[in-house]
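Here the structure comes first, spelled out in structure tokens, and everything after it is commentary.
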Amino acid sequence: MAQLTVPLCNAGSKMYVNNRGKNMRTPIIAGNWKLNKTIGEALELAKTLQQGLPTTKFEIVVAPSYIAINKVADFLKNSPIKVSAQDMFWEDTGAFTGTVSAPMIKDAGAKYVIIGHSERRQFFSETDETVNKKIKAALKHDLTPIFCVGETLAEREAGKINAVITTQLDGGLRDLTANDLAKIVVAYEPVWAIGTGKTATPEQAEEVHVLIRETLAKKFGDTANKVSILYGGSVKPSNSKELLSKPNIDGALVGGASLKAEDFLGIIKNA
Ligand code: 13P
């Protein structure tokens, strides 16, 4: 596989390749349950996580399917574990069959919402423009967007990482202010590492996290230093510690390994 060669901005890199900024950011470990778990199974998993949760500085988040959000959030209401939706529509109400809005997921108990996941982009025609509308709607309703970006293998091999990531960031964050950015979490999920067992090396991931932070800094100034940037793509207990030790990796967005309490708790313990 081609090595990543992101032309980093030298003046900026010095600012971001140290660990100082990390204290300014909320560390987060989030589990994206995707199209898995019935309501009963989701509740079971939430219970096991709650029982086994170690003391941690990380904010722990789980993202069940829409129909399980309410039950899971109700069960976790006195727990430090927060609940996220996996997507939402940008309108609040109206004739939009099959969609769910920010006020609805908030009412169900969600605090976060994943927006622009590569699976939404790939299978459900999500674009940077719709991602932008959803981020704005989430912010309007005080939901924290977990805004996903990431390149495919073909884009990586064609040396387009820089272009792809900056285009996704520019499009997704269009018209937003630094104040808005301070309320957003970014997740870097290289598409080739999702569900494939191929994790980006901590160095490969850190390099793109620095690129993301520098791109945000160019647009929004020092607020970029306050944005938590999570890594996602085959994170598991055996690789999470090394990934999370990098200065610009502030947490993880976990798919497969978040479906088993033992693995997800293992990632939290190792962190
Ligand atoms: P995996 O951890 O299964 O690779 O999935 C990552 C992901 O897509 C989280 O949103």
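Each chain in the structure tokens gets a letter, A, B, ..., in the order shown, and its residues are numbered from 1; ligands are numbered from 1 in order too.
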*Could you pull out all residues of stretch 77-201 of chain A with a DSSP call of helix (DSSP H, G or I) and give them as a ChimeraX atom specification?*
/A:102-108,118-123,128-140,153-157,161-172,178-181,191-193
Write the residues of the preceding selection, restricted to C-alpha atoms, as a CSV table (one decimal), in the first residue's frame.
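Result file follows (out.csv):
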```csv
chain,number,residue,atom,x,y,z
A,102,ALA,CA,-32.7,16.5,15.2
A,103,PRO,CA,-35.6,17.4,17.5
A,104,MET,CA,-36.7,13.8,17.4
A,105,ILE,CA,-33.4,12.2,18.2
A,106,LYS,CA,-32.9,14.8,20.9
A,107,ASP,CA,-36.3,14.0,22.4
A,108,ALA,CA,-35.3,10.3,22.3
A,118,SER,CA,-18.6,7.0,4.7
A,119,GLU,CA,-21.3,4.4,4.6
A,120,ARG,CA,-23.9,7.1,4.3
A,121,ARG,CA,-21.8,8.7,1.6
A,122,GLN,CA,-21.3,5.4,-0.2
A,123,PHE,CA,-24.8,3.8,0.0
A,128,ASP,CA,-20.7,17.4,1.4
A,129,GLU,CA,-23.7,19.7,0.8
A,130,THR,CA,-26.1,17.5,2.7
A,131,VAL,CA,-23.5,16.9,5.4
A,132,ASN,CA,-23.3,20.7,5.8
A,133,LYS,CA,-27.0,21.1,6.1
A,134,LYS,CA,-27.2,18.3,8.7
A,135,ILE,CA,-24.3,19.8,10.8
A,136,LYS,CA,-26.1,23.1,10.9
A,137,ALA,CA,-29.4,21.5,11.9
A,138,ALA,CA,-27.6,19.5,14.6
A,139,LEU,CA,-26.0,22.6,16.0
A,140,LYS,CA,-29.3,24.5,16.0
A,153,LEU,CA,-8.1,3.3,-1.0
A,154,ALA,CA,-8.1,4.5,-4.6
A,155,GLU,CA,-7.9,8.1,-3.5
A,156,ARG,CA,-5.0,7.3,-1.2
A,157,GLU,CA,-3.1,5.4,-3.8
A,161,ILE,CA,-5.6,12.4,0.5
A,162,ASN,CA,-4.9,16.1,1.0
A,163,ALA,CA,-7.5,17.1,-1.7
A,164,VAL,CA,-10.2,14.7,-0.5
A,165,ILE,CA,-9.9,15.6,3.2
A,166,THR,CA,-9.8,19.4,2.7
A,167,THR,CA,-12.7,19.3,0.2
A,168,GLN,CA,-14.8,17.3,2.7
A,169,LEU,CA,-13.9,19.7,5.5
A,170,ASP,CA,-14.5,22.8,3.4
A,171,GLY,CA,-17.9,21.5,2.2
A,172,GLY,CA,-19.1,20.1,5.4
A,178,ALA,CA,-15.3,29.3,15.0
A,179,ASN,CA,-17.9,29.2,17.7
A,180,ASP,CA,-19.7,26.5,15.8
A,181,LEU,CA,-16.5,24.6,15.2
A,191,VAL,CA,-12.6,4.1,4.1
A,192,TRP,CA,-10.1,1.3,3.4
A,193,ALA,CA,-9.7,0.7,7.2
```
_Any residue with an atom at most 6 Å from ligand 1 counts, using only C-alpha atoms and all ligand atoms. Which are they? Put them as a PyMOL selection string._
chain A and resi 32+193-195+232-235+253-257
Write the residues of the selection above to a file with all heavy atoms, as a compact mmCIF listing (two decimals), in the first residue's frame.
```txt
# COMPACT_ATOMS: atom_id res chain seq x y z
N ASN A 32 -20.06 2.92 17.26
CA ASN A 32 -21.10 3.05 16.23
C ASN A 32 -21.64 1.64 15.97
O ASN A 32 -20.95 0.81 15.38
CB ASN A 32 -20.47 3.66 14.97
CG ASN A 32 -21.44 3.73 13.81
OD1 ASN A 32 -22.63 3.43 13.95
ND2 ASN A 32 -20.94 4.13 12.64
N ALA A 193 -9.98 1.30 5.85
CA ALA A 193 -9.71 0.68 7.16
C ALA A 193 -10.99 0.29 7.89
O ALA A 193 -10.94 -0.30 8.96
CB ALA A 193 -8.89 1.64 8.02
N ILE A 194 -12.14 0.62 7.30
CA ILE A 194 -13.41 0.36 7.99
C ILE A 194 -13.87 -1.07 7.75
O ILE A 194 -14.11 -1.46 6.61
CB ILE A 194 -14.51 1.36 7.55
CG1 ILE A 194 -14.13 2.79 7.96
CG2 ILE A 194 -15.86 0.97 8.13
CD1 ILE A 194 -15.11 3.85 7.52
N GLY A 195 -13.97 -1.83 8.82
CA GLY A 195 -14.49 -3.20 8.73
C GLY A 195 -13.58 -4.15 7.97
O GLY A 195 -13.99 -5.26 7.64
N GLY A 232 -11.13 6.41 13.36
CA GLY A 232 -11.99 5.22 13.22
C GLY A 232 -11.53 4.36 12.06
O GLY A 232 -11.11 4.87 11.01
N GLY A 233 -11.61 3.06 12.25
CA GLY A 233 -11.21 2.11 11.20
C GLY A 233 -10.48 0.95 11.84
O GLY A 233 -9.29 1.06 12.14
N SER A 234 -11.23 -0.15 12.11
CA SER A 234 -10.65 -1.35 12.71
C SER A 234 -9.92 -1.09 14.03
O SER A 234 -8.89 -1.72 14.29
CB SER A 234 -9.74 -2.06 11.71
OG SER A 234 -10.48 -2.43 10.55
N VAL A 235 -10.48 -0.20 14.84
CA VAL A 235 -9.90 -0.01 16.19
C VAL A 235 -10.31 -1.19 17.05
O VAL A 235 -11.47 -1.61 17.04
CB VAL A 235 -10.40 1.32 16.83
CG1 VAL A 235 -9.88 1.45 18.26
CG2 VAL A 235 -9.97 2.53 16.00
N LEU A 253 -13.55 6.22 17.10
CA LEU A 253 -14.92 5.89 16.69
C LEU A 253 -14.85 4.43 16.24
O LEU A 253 -14.20 4.09 15.26
CB LEU A 253 -15.36 6.81 15.54
CG LEU A 253 -16.78 6.62 15.00
CD1 LEU A 253 -17.82 6.65 16.11
CD2 LEU A 253 -17.12 7.70 13.96
N VAL A 254 -15.50 3.58 17.03
CA VAL A 254 -15.30 2.13 16.89
C VAL A 254 -16.54 1.48 16.29
O VAL A 254 -17.66 1.75 16.75
CB VAL A 254 -15.05 1.52 18.29
CG1 VAL A 254 -14.69 0.03 18.17
CG2 VAL A 254 -13.97 2.29 19.05
N GLY A 255 -16.37 0.65 15.29
CA GLY A 255 -17.50 -0.07 14.70
C GLY A 255 -17.59 -1.48 15.28
O GLY A 255 -18.08 -1.68 16.38
N GLY A 256 -17.07 -2.45 14.53
CA GLY A 256 -17.18 -3.86 14.90
C GLY A 256 -16.87 -4.17 16.37
O GLY A 256 -17.62 -4.89 17.03
N ALA A 257 -15.77 -3.62 16.87
CA ALA A 257 -15.36 -3.94 18.24
C ALA A 257 -16.26 -3.29 19.30
O ALA A 257 -16.13 -3.59 20.48
CB ALA A 257 -13.90 -3.54 18.47
```
*Quick one, how far is atom CA of A:Ile184 from atom CA of A:His141?*
12.8 Å
*Between A:Lys219, A:Lys269, A:Arg174, A:Lys57, which has the minimum distance to A:Pro237 (counting only C-alpha atoms)?*
A:Lys269
*Using the chain letters and numbers from this document, which residues of stretch 163-225 of chain A does DSSP assign to strand (DSSP E), as a ChimeraX atom specification?*
/A:185-188
*asked:* List the spatial neighbours of A:Thr56 as a list in words - criterion: any atom at most 12 Å away, only C-alpha atoms, same-chain residues fewer than 5 positions off excluded.
replied: Thr26, Pro27, Ile28, Ile29, Pro80, Ile81, Leu265, Ile267, Ile268, Lys269, Asn270 and Ala271 of chain A
_Please report the interatomic distance between atom CA of A:Asn70 and atom CA of A:Phe96 in Å with one decimal._
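These atoms are spaced 21.3 Å apart.
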Residues near stretch 204-209 of chain A, cut-off 8 Å, only C-alpha atoms, skip fewer than 5 positions along chain, as a compact mmCIF listing (two decimals) with N, CA and C atoms, in the first residue's frame:
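See part.txt below for the written result:
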```txt
# COMPACT_ATOMS: atom_id res chain seq x y z
N LEU A 4 1.48 7.32 2.86
CA LEU A 4 0.86 8.64 2.83
C LEU A 4 1.93 9.71 2.74
N VAL A 6 1.47 13.42 2.82
CA VAL A 6 0.70 14.66 2.89
C VAL A 6 1.67 15.82 3.02
N TYR A 188 -11.79 11.06 11.75
CA TYR A 188 -11.08 10.63 10.53
C TYR A 188 -11.24 9.13 10.41
N ILE A 229 -10.48 15.23 17.59
CA ILE A 229 -10.46 14.49 16.32
C ILE A 229 -10.28 13.01 16.66
N TYR A 231 -10.16 8.89 15.68
CA TYR A 231 -9.76 7.99 14.59
C TYR A 231 -10.74 6.81 14.55
N LEU A 243 -2.65 4.02 19.07
CA LEU A 243 -3.30 5.08 18.28
C LEU A 243 -3.62 6.28 19.17
N LYS A 246 -1.09 9.16 20.28
CA LYS A 246 -0.60 10.20 19.35
C LYS A 246 -1.16 11.57 19.73
N PRO A 247 -0.35 12.63 19.57
CA PRO A 247 -0.74 13.96 20.04
C PRO A 247 -2.05 14.50 19.46
N ASN A 248 -2.37 14.12 18.23
CA ASN A 248 -3.58 14.67 17.61
C ASN A 248 -4.71 13.67 17.48
N ILE A 249 -4.56 12.50 18.09
CA ILE A 249 -5.65 11.52 18.08
C ILE A 249 -6.32 11.59 19.46
```
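If you count only C-alpha atoms and ignore residues fewer than 5 places along the chain from A:Lys82, what sits within 8 Å of it is A:Glu59, A:Ile60, A:Val61, A:Val62, A:Ala73, A:Leu76, A:Ala110, A:Lys111, A:Tyr112.
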_Who sits within 8 Å of A:Asn225, only C-alpha atoms, same chain under 5 positions skipped, as a ChimeraX atom specification_ = /A:16,21,24-25,213,217
*For atom CA of A:Lys34 and atom CA of A:Ser84, quote the distance in Å rounded to one decimal.*
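Interatomic distance here is 11.3 Å.
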*Closest to A:Ser79 among A:Glu242, A:Leu53, A:Gly98, A:Pro64, using only C-alpha atoms?*
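Among the listed residues, A:Leu53 lies closest to A:Ser79.
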